[in-house]
file final.txt (compact mmCIF, C-alpha atoms)
# COMPACT_ATOMS: atom_id res chain seq x y z
CA MET A 17 0.00 0.00 0.00
CA LEU A 18 1.36 3.44 -0.91
CA LYS A 19 2.22 5.70 1.99
CA ASN A 20 1.20 9.35 2.17
CA THR A 21 4.33 10.90 0.67
CA ARG A 22 3.32 14.39 1.87
CA PHE A 23 4.25 13.37 5.42
CA TYR A 24 6.30 10.22 4.91
CA ASP A 25 9.11 11.29 2.56
CA PRO A 26 10.42 14.38 4.44
CA ILE A 27 10.63 12.42 7.70
CA ASN A 28 12.51 9.57 6.08
CA ASP A 29 14.79 11.91 4.13
CA PHE A 30 15.74 13.61 7.39
CA ARG A 31 16.33 10.24 9.09
CA ARG A 32 18.54 9.06 6.22
CA GLU A 33 20.63 12.22 6.33
CA VAL A 34 21.13 11.94 10.09
CA ALA A 35 22.13 8.29 9.71
CA ARG A 36 24.57 9.14 6.93
CA ARG A 37 26.27 11.86 8.95
CA LEU A 38 26.47 9.76 12.11
CA MET A 39 28.00 6.81 10.26
CA HIS A 40 30.57 9.02 8.60
CA MET A 41 31.53 10.62 11.95
CA MET A 42 31.65 7.33 13.89
CA PHE A 43 33.05 4.84 11.40
CA GLY A 44 34.41 6.53 8.31
CA SER A 45 35.15 3.60 6.01
CA HIS A 46 34.99 -0.08 6.97
CA GLY A 47 37.57 -1.83 4.84
CA GLN A 48 38.94 -0.70 1.50
CA PRO A 49 36.46 -1.07 -1.36
CA THR A 50 37.64 -3.58 -3.96
CA SER A 51 36.54 -4.76 -7.37
CA GLU A 52 37.89 -8.26 -6.68
CA PRO A 53 35.27 -10.99 -6.15
CA LEU A 54 34.69 -12.39 -2.70
CA PRO A 55 37.07 -15.34 -2.23
CA GLU A 56 35.62 -18.82 -2.54
CA GLN A 57 38.06 -20.18 0.02
CA GLY A 58 39.00 -19.05 3.53
CA ILE A 59 35.58 -17.79 4.64
CA TYR A 60 34.40 -19.77 7.66
CA ARG A 61 32.83 -17.20 10.02
CA ILE A 62 29.88 -15.29 8.60
CA LEU A 63 27.58 -12.68 10.14
CA ILE A 64 24.24 -11.67 8.62
CA CYS A 65 22.63 -8.41 9.77
CA HIS A 66 18.89 -8.41 9.05
CA VAL A 67 16.69 -6.23 11.22
CA SER A 68 13.31 -6.67 9.50
CA HIS A 69 11.12 -8.53 11.95
CA SER A 70 7.85 -9.46 10.19
CA LEU A 71 7.12 -13.13 9.52
CA GLY A 72 7.39 -12.68 5.76
CA ASN A 73 10.69 -10.78 5.85
CA THR A 74 12.17 -13.27 8.32
CA LEU A 75 11.27 -16.19 6.06
CA LEU A 76 12.53 -14.46 2.93
CA LEU A 77 16.06 -14.41 4.32
CA THR A 78 16.25 -18.22 4.28
CA PRO A 79 17.13 -18.48 0.56
CA LEU A 80 20.38 -16.64 1.43
CA LEU A 81 21.11 -19.24 4.12
CA VAL A 82 20.54 -22.01 1.57
CA GLU A 83 22.92 -20.30 -0.86
CA LEU A 84 25.59 -19.73 1.81
CA GLU A 85 25.49 -23.41 2.79
CA LYS A 86 26.05 -24.25 -0.87
CA VAL A 87 28.99 -21.93 -1.59
CA TYR A 88 30.60 -22.04 1.88
CA PRO A 89 29.61 -25.52 3.14
CA GLY A 90 32.21 -25.50 5.92
CA ALA A 91 31.25 -22.11 7.34
CA GLU A 92 29.44 -21.13 10.53
CA ILE A 93 26.75 -18.44 10.35
CA ASP A 94 25.63 -15.98 13.02
CA ILE A 95 22.52 -13.81 12.54
CA LEU A 96 21.84 -10.44 14.14
CA THR A 97 18.09 -9.78 13.95
CA ARG A 98 15.07 -8.13 15.54
CA SER A 99 12.80 -11.03 14.60
CA PRO A 100 11.23 -12.70 17.67
CA ILE A 101 10.74 -15.92 15.66
CA ALA A 102 14.30 -16.15 14.34
CA LYS A 103 15.19 -19.23 16.38
CA ASP A 104 12.15 -21.16 15.09
CA ILE A 105 12.99 -20.30 11.49
CA TYR A 106 16.80 -20.18 11.31
CA GLY A 107 17.64 -22.53 14.19
CA HIS A 108 17.19 -25.71 12.15
CA PHE A 109 19.88 -24.78 9.59
CA PHE A 110 22.95 -26.87 10.44
CA SER A 111 25.31 -23.97 9.66
CA VAL A 112 23.61 -21.45 11.97
CA GLN A 113 25.48 -21.18 15.26
CA ARG A 114 24.37 -18.01 17.08
CA ILE A 115 21.27 -15.86 16.78
CA PHE A 116 21.77 -12.44 18.34
CA PRO A 117 18.27 -11.14 19.22
CA LEU A 118 17.82 -7.38 19.18
CA PRO A 119 14.75 -5.74 20.78
CA ALA A 120 12.14 -4.54 18.34
CA HIS A 121 12.70 -0.98 19.59
CA GLY A 122 16.26 -0.39 20.75
CA VAL A 123 15.47 3.03 22.21
CA GLY A 124 12.97 1.44 24.60
CA HIS A 125 15.37 -1.34 25.66
CA PRO A 126 18.85 0.21 25.49
CA PHE A 127 20.52 -2.24 27.90
CA GLN A 128 19.35 -5.30 25.94
CA PHE A 129 20.33 -3.59 22.69
CA PHE A 130 23.89 -2.75 23.71
CA ARG A 131 24.38 -6.05 25.55
CA THR A 132 23.56 -7.93 22.33
CA LEU A 133 25.87 -5.69 20.30
CA ARG A 134 28.69 -6.31 22.75
CA ARG A 135 28.22 -10.09 22.40
CA MET A 136 28.31 -9.77 18.61
CA ARG A 137 31.42 -7.56 18.64
CA LYS A 138 33.35 -10.15 20.66
CA GLN A 139 33.29 -12.37 17.58
CA ARG A 140 35.57 -11.96 14.59
CA TYR A 141 34.13 -12.65 11.15
CA ASP A 142 35.57 -13.36 7.76
CA LEU A 143 32.44 -11.96 6.12
CA ALA A 144 29.60 -9.73 7.33
CA ILE A 145 26.51 -9.25 5.15
CA ASP A 146 23.94 -6.44 5.23
CA ALA A 147 21.20 -8.41 3.45
CA ASP A 148 18.50 -5.71 3.28
CA ALA A 149 18.50 -3.43 0.27
CA LEU A 150 16.94 -0.48 2.12
CA SER A 151 17.72 -0.72 5.85
CA HIS A 152 20.00 1.94 7.36
CA THR A 153 20.10 0.07 10.64
CA GLY A 154 21.35 -3.11 8.98
CA ARG A 155 24.26 -1.21 7.43
CA LEU A 156 25.09 0.48 10.74
CA LEU A 157 25.12 -2.86 12.57
CA MET A 158 27.34 -4.43 9.93
CA LEU A 159 29.81 -1.56 10.27
CA LEU A 160 29.99 -2.32 13.99
CA SER A 161 31.12 -5.89 13.32
CA ASN A 162 34.71 -7.09 13.32
CA ALA A 163 34.77 -8.47 9.79
CA THR A 164 37.47 -8.82 7.13
CA TYR A 165 35.02 -8.53 4.25
CA THR A 166 31.77 -6.56 4.30
CA LEU A 167 29.01 -7.03 1.72
CA GLY A 168 25.88 -5.04 0.99
CA PHE A 169 23.94 -3.15 -1.63
CA SER A 170 25.06 0.30 -2.75
CA GLY A 171 22.79 3.21 -3.52
CA PRO A 172 21.51 6.55 -2.22
CA LYS A 173 19.95 4.90 0.84
CA LYS A 174 23.18 3.13 1.88
CA HIS A 175 26.12 4.88 3.53
CA GLY A 176 29.50 3.85 4.90
CA GLU A 177 32.33 2.31 2.86
CA ILE A 178 32.44 -1.48 2.66
CA THR A 179 34.69 -3.90 0.80
CA HIS A 180 32.04 -5.27 -1.56
CA ALA A 181 29.19 -2.97 -2.59
CA VAL A 182 26.75 -4.32 -5.19
CA PRO A 183 24.43 -2.01 -7.16
CA LEU A 184 20.76 -2.66 -6.50
CA PRO A 185 19.37 -4.64 -9.46
CA GLU A 186 16.54 -2.80 -11.17
CA HIS A 187 15.40 -5.97 -12.94
CA LEU A 188 15.02 -8.02 -9.74
CA GLU A 189 12.48 -6.87 -7.14
CA SER A 190 11.90 -10.19 -5.34
CA LYS A 191 12.55 -9.93 -1.60
CA GLY A 192 13.64 -13.56 -1.48
CA ARG A 193 15.94 -13.49 -4.49
CA ARG A 194 17.72 -10.17 -3.87
CA PRO A 195 19.97 -11.31 -0.97
CA VAL A 196 21.05 -14.32 -3.07
CA TYR A 197 21.73 -12.00 -6.01
CA LEU A 198 23.86 -9.87 -3.68
CA LEU A 199 26.08 -12.82 -2.78
CA ARG A 200 26.30 -14.20 -6.31
CA SER A 201 27.26 -10.80 -7.72
CA ALA A 202 29.99 -10.30 -5.12
CA MET A 203 31.39 -13.78 -5.89
CA ASP A 204 31.15 -13.20 -9.65
CA ARG A 205 28.75 -16.16 -10.00
CA ASP A 206 25.87 -16.69 -12.39
CA THR A 207 22.98 -14.50 -11.23
CA THR A 208 20.57 -16.03 -13.75
CA ALA A 209 20.68 -19.57 -12.31
CA ASP A 210 17.66 -20.88 -10.40
CA TYR A 211 17.22 -19.26 -7.00
CA PRO A 212 16.67 -21.17 -3.75
CA VAL A 213 13.14 -20.95 -2.36
CA PRO A 214 12.29 -20.14 1.28
CA ASP A 215 12.89 -23.09 3.59
CA ILE A 216 12.61 -23.69 7.35
CA ARG A 217 14.07 -27.19 7.23
CA LEU A 218 11.12 -29.21 8.51
CA GLY A 219 12.11 -32.71 9.56
CA ALA A 220 10.42 -35.93 8.41
CA GLY A 221 8.85 -36.34 11.85
CA GLU A 222 7.36 -32.86 11.76
CA ARG A 223 5.86 -33.50 8.33
CA GLU A 224 4.41 -36.83 9.42
CA GLN A 225 2.79 -35.28 12.49
CA GLY A 226 1.33 -32.47 10.38
CA ARG A 227 -0.35 -34.87 7.97
CA ALA A 228 -1.68 -36.93 10.89
CA VAL A 229 -3.27 -33.82 12.45
CA LEU A 230 -5.03 -33.01 9.18
CA THR A 231 -6.35 -36.57 8.94
CA ARG A 232 -7.69 -36.40 12.51
CA SER A 233 -9.32 -33.04 11.80
CA LEU A 234 -11.18 -34.47 8.83
CA VAL A 235 -12.28 -37.59 10.73
CA ALA A 236 -13.56 -35.44 13.64
CA ASN A 237 -15.82 -33.72 11.11
CA GLY A 238 -17.13 -36.97 9.65
CA ILE A 239 -14.81 -36.98 6.63
CA THR A 240 -13.13 -40.37 6.36
CA SER A 241 -11.00 -39.81 3.25
CA PRO A 242 -8.74 -36.98 2.01
CA GLY A 243 -10.22 -37.47 -1.46
CA ARG A 244 -8.08 -36.16 -4.29
CA GLY A 245 -6.28 -33.82 -1.91
CA ILE A 246 -6.61 -31.40 0.99
CA ILE A 247 -6.86 -27.68 0.19
CA GLY A 248 -5.91 -25.28 2.97
CA ILE A 249 -7.53 -21.83 3.06
CA PHE A 250 -6.17 -19.00 5.20
CA GLY A 251 -8.74 -16.20 5.17
CA ASN A 252 -6.88 -13.55 7.16
CA ALA A 253 -4.48 -10.77 6.15
CA THR A 254 -3.43 -7.36 7.42
CA GLY A 255 -4.93 -4.03 6.44
CA THR A 256 -6.26 -3.64 2.92
CA LYS A 257 -4.98 -7.11 1.94
CA LEU A 258 -7.86 -8.63 3.95
CA LEU A 259 -10.38 -9.96 1.42
CA GLY A 260 -13.28 -10.54 3.84
CA GLU A 261 -15.75 -13.38 4.35
CA THR A 262 -18.07 -12.33 1.52
CA TRP A 263 -15.20 -12.44 -0.97
CA TRP A 264 -14.12 -15.88 0.25
CA THR A 265 -17.69 -17.21 0.19
CA ARG A 266 -18.03 -16.33 -3.49
CA PHE A 267 -14.58 -17.74 -4.25
CA LEU A 268 -15.24 -21.01 -2.40
CA GLN A 269 -18.62 -21.57 -4.05
CA VAL A 270 -16.82 -21.88 -7.39
CA LEU A 271 -13.92 -23.85 -5.94
CA GLU A 272 -16.18 -26.39 -4.22
CA ALA A 273 -18.32 -26.84 -7.32
CA GLN A 274 -15.28 -27.51 -9.48
CA CYS A 275 -13.37 -29.61 -6.89
CA PRO A 276 -16.04 -31.81 -5.29
CA ASP A 277 -13.50 -34.56 -4.58
CA HIS A 278 -11.09 -32.29 -2.67
CA ARG A 279 -11.33 -31.56 1.05
CA ILE A 280 -11.10 -28.03 2.44
CA VAL A 281 -9.48 -27.18 5.78
CA GLU A 282 -9.38 -23.68 7.22
CA ILE A 283 -6.08 -22.51 8.71
CA LEU A 284 -7.01 -20.19 11.57
CA PRO A 285 -5.24 -16.88 12.31
CA ALA A 286 -3.50 -15.89 15.55
CA SER A 287 -6.84 -14.77 17.02
CA GLY A 288 -8.07 -18.38 16.94
CA GLN A 289 -11.31 -17.18 15.30
CA SER A 290 -12.62 -18.64 12.05
CA MET A 291 -12.72 -16.20 9.14
CA LEU A 292 -15.14 -18.47 7.24
CA SER A 293 -17.93 -18.94 9.83
CA SER A 294 -16.52 -22.37 10.84
CA ARG A 295 -17.91 -24.00 7.69
CA TYR A 296 -14.86 -26.28 7.33
CA PRO A 297 -12.59 -28.34 9.58
CA GLY A 298 -10.04 -25.98 11.08
CA TYR A 299 -6.55 -25.98 12.51
CA TYR A 300 -5.08 -23.51 14.97
CA SER A 301 -1.65 -23.27 16.61
CA SER A 302 0.34 -20.48 18.20
CA ASP A 303 3.49 -22.56 17.58
CA LEU A 304 5.14 -21.56 14.30
CA ARG A 305 6.76 -24.91 13.55
CA LYS A 306 3.60 -26.88 14.37
CA MET A 307 1.72 -24.60 12.00
CA ALA A 308 4.36 -25.19 9.33
CA SER A 309 4.15 -28.94 9.89
CA VAL A 310 0.40 -28.93 9.25
CA LEU A 311 0.82 -26.69 6.20
CA SER A 312 3.34 -29.17 4.80
CA GLY A 313 0.63 -31.87 4.95
CA LEU A 314 -1.69 -29.94 2.63
CA ASP A 315 -1.89 -30.72 -1.07
CA VAL A 316 -2.60 -27.08 -1.97
CA TYR A 317 -2.52 -23.86 0.09
CA ILE A 318 -4.51 -20.75 -0.93
CA SER A 319 -4.56 -17.29 0.67
CA SER A 320 -3.99 -13.63 -0.01
CA ASP A 321 -0.49 -12.18 0.37
CA CYS A 322 0.48 -12.62 4.04
CA GLY A 323 3.11 -14.08 6.35
CA ILE A 324 1.38 -17.48 6.50
CA MET A 325 1.59 -17.62 2.68
CA HIS A 326 5.38 -17.30 2.98
CA LEU A 327 5.35 -19.93 5.72
CA ALA A 328 3.52 -22.30 3.37
CA CYS A 329 6.17 -21.68 0.71
CA ALA A 330 8.92 -22.40 3.24
CA SER A 331 7.09 -25.60 4.23
CA HIS A 332 7.21 -26.79 0.60
CA VAL A 333 3.51 -27.04 -0.07
CA PRO A 334 2.11 -25.93 -3.47
CA THR A 335 1.17 -22.32 -2.71
CA LEU A 336 -1.28 -20.07 -4.57
CA GLY A 337 -1.05 -16.48 -3.35
CA ILE A 338 -3.78 -14.00 -4.28
CA PHE A 339 -2.45 -10.45 -4.73
CA THR A 340 -4.87 -7.52 -4.74
CA ILE A 341 -2.69 -4.76 -3.26
CA THR A 342 1.00 -5.64 -3.04
CA ARG A 343 3.27 -6.28 -6.02
CA THR A 344 3.71 -9.85 -7.20
CA ASP A 345 7.25 -9.23 -8.50
CA GLU A 346 8.34 -8.04 -5.06
CA TRP A 347 6.44 -10.29 -2.64
CA GLY A 348 5.11 -13.11 -4.80
CA PRO A 349 6.02 -16.76 -4.16
CA TYR A 350 8.40 -18.28 -6.70
CA GLY A 351 9.73 -21.70 -7.59
CA PRO A 352 8.04 -24.99 -8.55
CA GLY A 353 4.44 -25.26 -7.38
CA ARG A 354 4.33 -21.65 -6.19
CA HIS A 355 2.17 -19.06 -7.97
CA ALA A 356 1.26 -15.41 -7.49
CA ILE A 357 -2.21 -14.58 -8.84
CA ALA A 358 -2.64 -10.91 -9.76
CA ALA A 359 -6.23 -10.21 -8.67
CA HIS A 360 -6.54 -6.43 -8.36
CA GLY A 361 -10.06 -5.54 -9.44
CA VAL A 362 -10.85 -9.17 -10.38
CA GLU A 363 -14.06 -10.81 -9.18
CA PRO A 364 -13.60 -13.70 -6.71
CA GLU A 365 -15.34 -16.13 -9.08
CA ASP A 366 -12.81 -15.31 -11.81
CA VAL A 367 -9.92 -15.72 -9.37
CA ALA A 368 -11.28 -19.17 -8.49
CA ARG A 369 -11.48 -20.12 -12.18
CA THR A 370 -7.88 -18.98 -12.69
CA ILE A 371 -6.75 -21.13 -9.79
CA MET A 372 -8.82 -24.07 -11.06
CA ALA A 373 -6.79 -24.07 -14.27
CA MET A 374 -3.50 -24.50 -12.43
CA PRO A 375 -1.80 -27.92 -12.53
CA GLU A 376 -1.80 -28.24 -8.72
CA LEU A 377 -5.59 -28.69 -8.93
CA THR A 378 -6.14 -30.08 -12.42
CA SER A 379 -3.67 -32.93 -11.96
CA GLY A 380 -4.57 -33.83 -8.38
CA ILE A 381 -0.89 -34.62 -7.91
CA ARG A 382 1.13 -33.02 -5.17
CA ILE A 383 4.31 -31.21 -6.26
call {"tool": "encode", "arguments": {"input": "final.txt", "output": "structure tokens"}}
result
Amino acid sequence: MLKNTRFYDPINDFRREVARRLMHMMFGSHGQPTSEPLPEQGIYRILICHVSHSLGNTLLLTPLLVELEKVYPGAEIDILTRSPIAKDIYGHFFSVQRIFPLPAHGVGHPFQFFRTLRRMRKQRYDLAIDADALSHTGRLLMLLSNATYTLGFSGPKKHGEITHAVPLPEHLESKGRRPVYLLRSAMDRDTTADYPVPDIRLGAGEREQGRAVLTRSLVANGITSPGRGIIGIFGNATGTKLLGETWWTRFLQVLEAQCPDHRIVEILPASGQSMLSSRYPGYYSSDLRKMASVLSGLDVYISSDCGIMHLACASHVPTLGIFTITRTDEWGPYGPGRHAIAAHGVEPEDVARTIMAMPELTSGIRI
């Protein structure tokens, strides 16, 4: 959603200028800029600075972790983040050693903030990465690290000299792909190769338990067979992305008529309240990994653009995201079995027909 630039831009311009001046006064440069690629050998201690704390942004950093494990398989990774769910998401990557949790608002919790920074600064790193293309705080935190090589995007919103600055790609808006592009560019690797998808490394046991929960939910509602597949619907979203029960009712009337042999399960939001008048078997959990486990047991997941959509992608379930406000090229799911449906101004019945034509439903075969 567009912000009111009359009030928003001057405030942010002032904040950026203050940040630029403070970084120049406090740090100057951090390593000599070089045009040489990042070395492929000798990098074993890596720090990632990523302060975005929403569920979606936290999940969209995982493709970078996948890429780092591929190019530096013997390395150890630390992550400095404000995300309160970082341990649940990043903690199952074998390479991740330490997660340094920053408070959501450092000004309100200065002792916790500086205590975490002191712990981070005790470590020495071969490589520190500012993975966010726009964050001033991420760049500042990276400059505070003790790192031989520093990597981040360049541009008018980034200040402070680093060893490897990569121009922001105009042709690539995807929040999940951009951090991987950053690393590939700095290493002089092929930036057109397939990109890793979000992943939270669910184990076989977690997946098995998730499918068992779905089966029990169906049986408790008198449904003894999963039919041709289980479709999960998440009816919630924030702000103007919320489609509303009337929209979903019209959508589901078409979907049910065209998919009579599929079963529908509602995935409930954090409130624990059904968004679809409890017409379908439901599942609720406040535990992120349990929620991901159940999502992984679905045959198809459908929702508007939201954090749970990204969680479904990271759980490796065929995901159909409906986009009415946000940009598909920036936030849309990508990779096999993942689709972003542009639905701005489109009637729910037509959205349902578009989804019905997708192979995840026409084939009845799980990706």
call {"tool": "atom_distance", "arguments": {"input": "final.txt", "atom1": "CA of Tyr197 in chain A", "atom2": "CA of Arg354 in chain A"}}
result
19.9 Å
call {"tool": "closest_residue", "arguments": {"input": "final.txt", "among": "A:Ser51, A:Thr179, A:Thr74, A:Ser190", "to": "Glu346 in chain A", "atoms": "all atoms listed in the file"}}
result
A:Ser190
call {"tool": "atom_distance", "arguments": {"input": "final.txt", "atom1": "CA of Tyr299 in chain A", "atom2": "CA of Met374 in chain A"}}
result
25.2 Å
call {"tool": "atom_distance", "arguments": {"input": "final.txt", "atom1": "CA of Glu189 in chain A", "atom2": "CA of Gly353 in chain A"}}
result
20.1 Å
call {"tool": "closest_residue", "arguments": {"input": "final.txt", "among": "A:Ala144, A:Val367, A:Cys322, A:Leu77", "to": "Ala253 in chain A", "atoms": "all atoms listed in the file"}}
result
A:Cys322
call {"tool": "residues_near_point", "arguments": {"input": "final.txt", "point": "(17.5, -0.7, -0.7)", "cutoff": "8 Å", "atoms": "only C-alpha atoms", "output": "ChimeraX atom specification"}}
result
/A:148-151,169-171,173-174,184
call {"tool": "closest_residue", "arguments": {"input": "final.txt", "among": "A:His121, A:Glu222, A:Ile64, A:Met291", "to": "Ala163 in chain A", "atoms": "only C-alpha atoms"}}
result
A:Ile64
call {"tool": "residues_around", "arguments": {"input": "final.txt", "residues": "Leu284 in chain A", "least_positions_apart": "4", "cutoff": "8 Å", "atoms": "all atoms listed in the file", "output": "VMD selection string"}}
result
chain A and resid 250 to 252 288 to 291 298 to 301
call {"tool": "decode", "arguments": {"input": "final.txt", "residues": "range 207-231 of chain A", "atoms": "C-alpha atoms", "output": "CSV table (one decimal), in the first residue's frame"}}
result
chain,number,residue,atom,x,y,z
A,207,THR,CA,23.0,-14.5,-11.2
A,208,THR,CA,20.6,-16.0,-13.7
A,209,ALA,CA,20.7,-19.6,-12.3
A,210,ASP,CA,17.7,-20.9,-10.4
A,211,TYR,CA,17.2,-19.3,-7.0
A,212,PRO,CA,16.7,-21.2,-3.8
A,213,VAL,CA,13.1,-20.9,-2.4
A,214,PRO,CA,12.3,-20.1,1.3
A,215,ASP,CA,12.9,-23.1,3.6
A,216,ILE,CA,12.6,-23.7,7.3
A,217,ARG,CA,14.1,-27.2,7.2
A,218,LEU,CA,11.1,-29.2,8.5
A,219,GLY,CA,12.1,-32.7,9.6
A,220,ALA,CA,10.4,-35.9,8.4
A,221,GLY,CA,8.8,-36.3,11.9
A,222,GLU,CA,7.4,-32.9,11.8
A,223,ARG,CA,5.9,-33.5,8.3
A,224,GLU,CA,4.4,-36.8,9.4
A,225,GLN,CA,2.8,-35.3,12.5
A,226,GLY,CA,1.3,-32.5,10.4
A,227,ARG,CA,-0.3,-34.9,8.0
A,228,ALA,CA,-1.7,-36.9,10.9
A,229,VAL,CA,-3.3,-33.8,12.4
A,230,LEU,CA,-5.0,-33.0,9.2
A,231,THR,CA,-6.3,-36.6,8.9
